[in-house]
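The block underneath contains the structure these notes are about, expressed in structure tokens.
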Amino acid sequence: MPLRSYDHVAGASPAPPGEMRVRKVLHPTAALLALACASARADDFRLDPVHTQIFFAVDHQGYSKSTGSLHVKGGYFRFDADDWSKAKVDATIDITGLEMGDAAWSDKVRSAYFDASTYPTARFVSKAVEKTGGRSGVVHGELTLLGRTKPVDLQITFNRAGRDGYTLHYIAGFSATANFKRSAFGMTRTGKDIGDDIAIRIEAEGVRDDDAAKNAPDAESH
């Protein structure tokens with residue numbers, strides 16, 4: 001009785017034994033290659049506004065570093081732990097939610113310094129990402145604030161990625177720092193009393209979501 005294979009087509013001649021052996025080798029190899037290609041794909045993550053915070057600090061007349069916090073309104077990042085060159089970030093920051101720890105002072109900073117009624121959001125978009133260590137890298141990007149767009153680099157640390165034990169979502173998390181001058185964005189009010197250098201610290205989490213980039217805020221709204 002002639003040998004038959006699972007991919008034998010009805011009505012066709014059975015494959016010779018030698019060809020059968022080749023097929024048996026190629027089929028699992030092709031499957032492994034397909035799996036490797038799939039695992040090498042960079043994943044998209046929707047920024048989680050609950051677990052993503054932005055903290056900033058600026059000198060206050062030399063007495064202290066006045067600090068405040070901001071939250072992301074939306075955005076996403078793309079990341080492949082094996083190839084950081086594929087990484088991207090696009091985040092929209094809610095300026096109207098700026099918090100300084102005191103209601104009156106928060107309102108003052110939002111209006112007098114950030115002009116939140118005119119510019120309710122800021123936006124950071126990456127241009128390139130480079131890996132500098134085992135879990136460290138630099139995101140070269142542009143920050144749009146008060147209607148001006150300037151280059152800003154984020155020093156990032158990849159913390160971990162995995163399945164969350166509570167939500168079962170696949171999550172990736174990063175920490176980041178940055179520094180820039182507020183005057184570069186036209187924020188020059190009380191320049192003698194408030195420092196020009198702004199220090200930024202970011203803690204960010206993203207939930208894996210294939211539609212994250214498609215649902216990111218429209219650039220035209222900034």
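Following the order of the structure tokens, chains are lettered A, B, ..., residues in each are numbered from 1, and ligands are numbered from 1.
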Would you kindly return, as a PyMOL selection string, each protein, DNA or RNA residue with an atom no farther than 12 Å from any atom of A:Thr149, considering only C-alpha atoms and excluding same-chain residues fewer than 3 positions away?
chain A and resi 122-125+141-146+152+182+184-186+222
Pull the strand (DSSP E or B) assignments for stretch 147-212 of chain A out of DSSP run on the backbone, and list those residues as an MDAnalysis selection string.
chainID A and resid 148:163 170:181 194 197:208
Could you save those same residues with C-alpha atoms as an mmCIF file, in the first residue's frame?
```
data_model
loop_
_atom_site.group_PDB
_atom_site.id
_atom_site.type_symbol
_atom_site.label_atom_id
_atom_site.label_comp_id
_atom_site.auth_asym_id
_atom_site.auth_seq_id
_atom_site.Cartn_x
_atom_site.Cartn_y
_atom_site.Cartn_z
ATOM 1 C CA ARG A 148 5.815 75.554 20.612
ATOM 2 C CA THR A 149 7.570 72.331 19.621
ATOM 3 C CA LYS A 150 11.104 71.700 20.878
ATOM 4 C CA PRO A 151 13.390 68.649 21.128
ATOM 5 C CA VAL A 152 13.370 66.866 24.486
ATOM 6 C CA ASP A 153 15.128 63.605 25.330
ATOM 7 C CA LEU A 154 13.819 61.075 27.849
ATOM 8 C CA GLN A 155 16.263 58.876 29.753
ATOM 9 C CA ILE A 156 14.248 55.678 30.172
ATOM 10 C CA THR A 157 14.471 52.457 32.161
ATOM 11 C CA PHE A 158 12.484 49.397 31.140
ATOM 12 C CA ASN A 159 11.128 47.958 34.402
ATOM 13 C CA ARG A 160 9.264 44.841 33.340
ATOM 14 C CA ALA A 161 6.578 43.349 31.116
ATOM 15 C CA GLY A 162 4.186 40.570 32.012
ATOM 16 C CA ARG A 163 0.679 39.409 32.704
ATOM 17 C CA TYR A 170 -0.306 42.116 29.506
ATOM 18 C CA ILE A 171 1.456 45.227 30.821
ATOM 19 C CA ALA A 172 4.810 46.931 30.228
ATOM 20 C CA GLY A 173 6.227 49.562 32.563
ATOM 21 C CA PHE A 174 8.914 52.225 32.334
ATOM 22 C CA SER A 175 10.512 54.969 34.417
ATOM 23 C CA ALA A 176 11.924 58.082 32.763
ATOM 24 C CA THR A 177 13.549 61.426 33.491
ATOM 25 C CA ALA A 178 14.106 64.560 31.432
ATOM 26 C CA ASN A 179 15.278 68.141 31.763
ATOM 27 C CA PHE A 180 14.462 71.225 29.708
ATOM 28 C CA LYS A 181 14.220 75.000 30.034
ATOM 29 C CA ILE A 194 11.226 80.845 39.435
ATOM 30 C CA ASP A 197 15.344 74.485 34.494
ATOM 31 C CA ILE A 198 12.497 71.991 34.712
ATOM 32 C CA ALA A 199 13.211 68.458 35.958
ATOM 33 C CA ILE A 200 10.760 65.771 34.894
ATOM 34 C CA ARG A 201 10.169 62.290 36.311
ATOM 35 C CA ILE A 202 7.747 59.866 34.676
ATOM 36 C CA GLU A 203 6.328 56.534 35.792
ATOM 37 C CA ALA A 204 4.410 54.876 32.965
ATOM 38 C CA GLU A 205 2.455 51.699 32.358
ATOM 39 C CA GLY A 206 0.833 50.518 29.171
ATOM 40 C CA VAL A 207 -1.709 47.788 28.448
ATOM 41 C CA ARG A 208 -1.077 45.748 25.316
#
```
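Within 10 Å of A:Asp115, once only C-alpha atoms are used and residues closer than 3 positions along the same chain are dropped, the contacting residues are Ile95, Thr96, Lys108, Val109, Arg110, Ser111, Ala112, Thr118, Tyr119, Pro120, Leu146 and Met187 of chain A.
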Selection: 6 Å around stretch 60-69 of chain A, only C-alpha atoms, excl. self and same-chain fewer than 6 positions, as JSON, numbers by chain:
{"A": [54, 98, 99, 100, 193, 194]}
I need the residue nearest A:Val58 from this list: A:Asp107, A:Asp102, A:Asp211, A:Asp196. Use only C-alpha atoms for the distance.
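Ranking A:Asp107, A:Asp102, A:Asp211, A:Asp196 by distance to A:Val58, first place goes to A:Asp196.
Proximity of A:Phe79, A:Gly147, A:Arg46, A:Lys127 to A:Lys214, computed with only C-alpha atoms, is greatest for A:Arg46.
Comparing the minimum interatomic distances between A:Lys192 and each of A:Tyr166, A:Gly137, A:Asp59, A:Val129, counting only C-alpha atoms, we find that A:Asp59 sits nearest.
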Quick one: DSSP helix (DSSP H, G or I) residues in stretch 98-220 of chain A, as a list in words?
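In stretch 98-220 of chain A, DSSP puts these residues in helix (DSSP H, G or I): Ala103, Ala104, Trp105, Ser106, Asp107, Lys108, Val109, Arg110, Ser111, Ala112, Tyr113, Arg182, Ser183, Ala184, Phe185, Ala219 and Glu220 of chain A.
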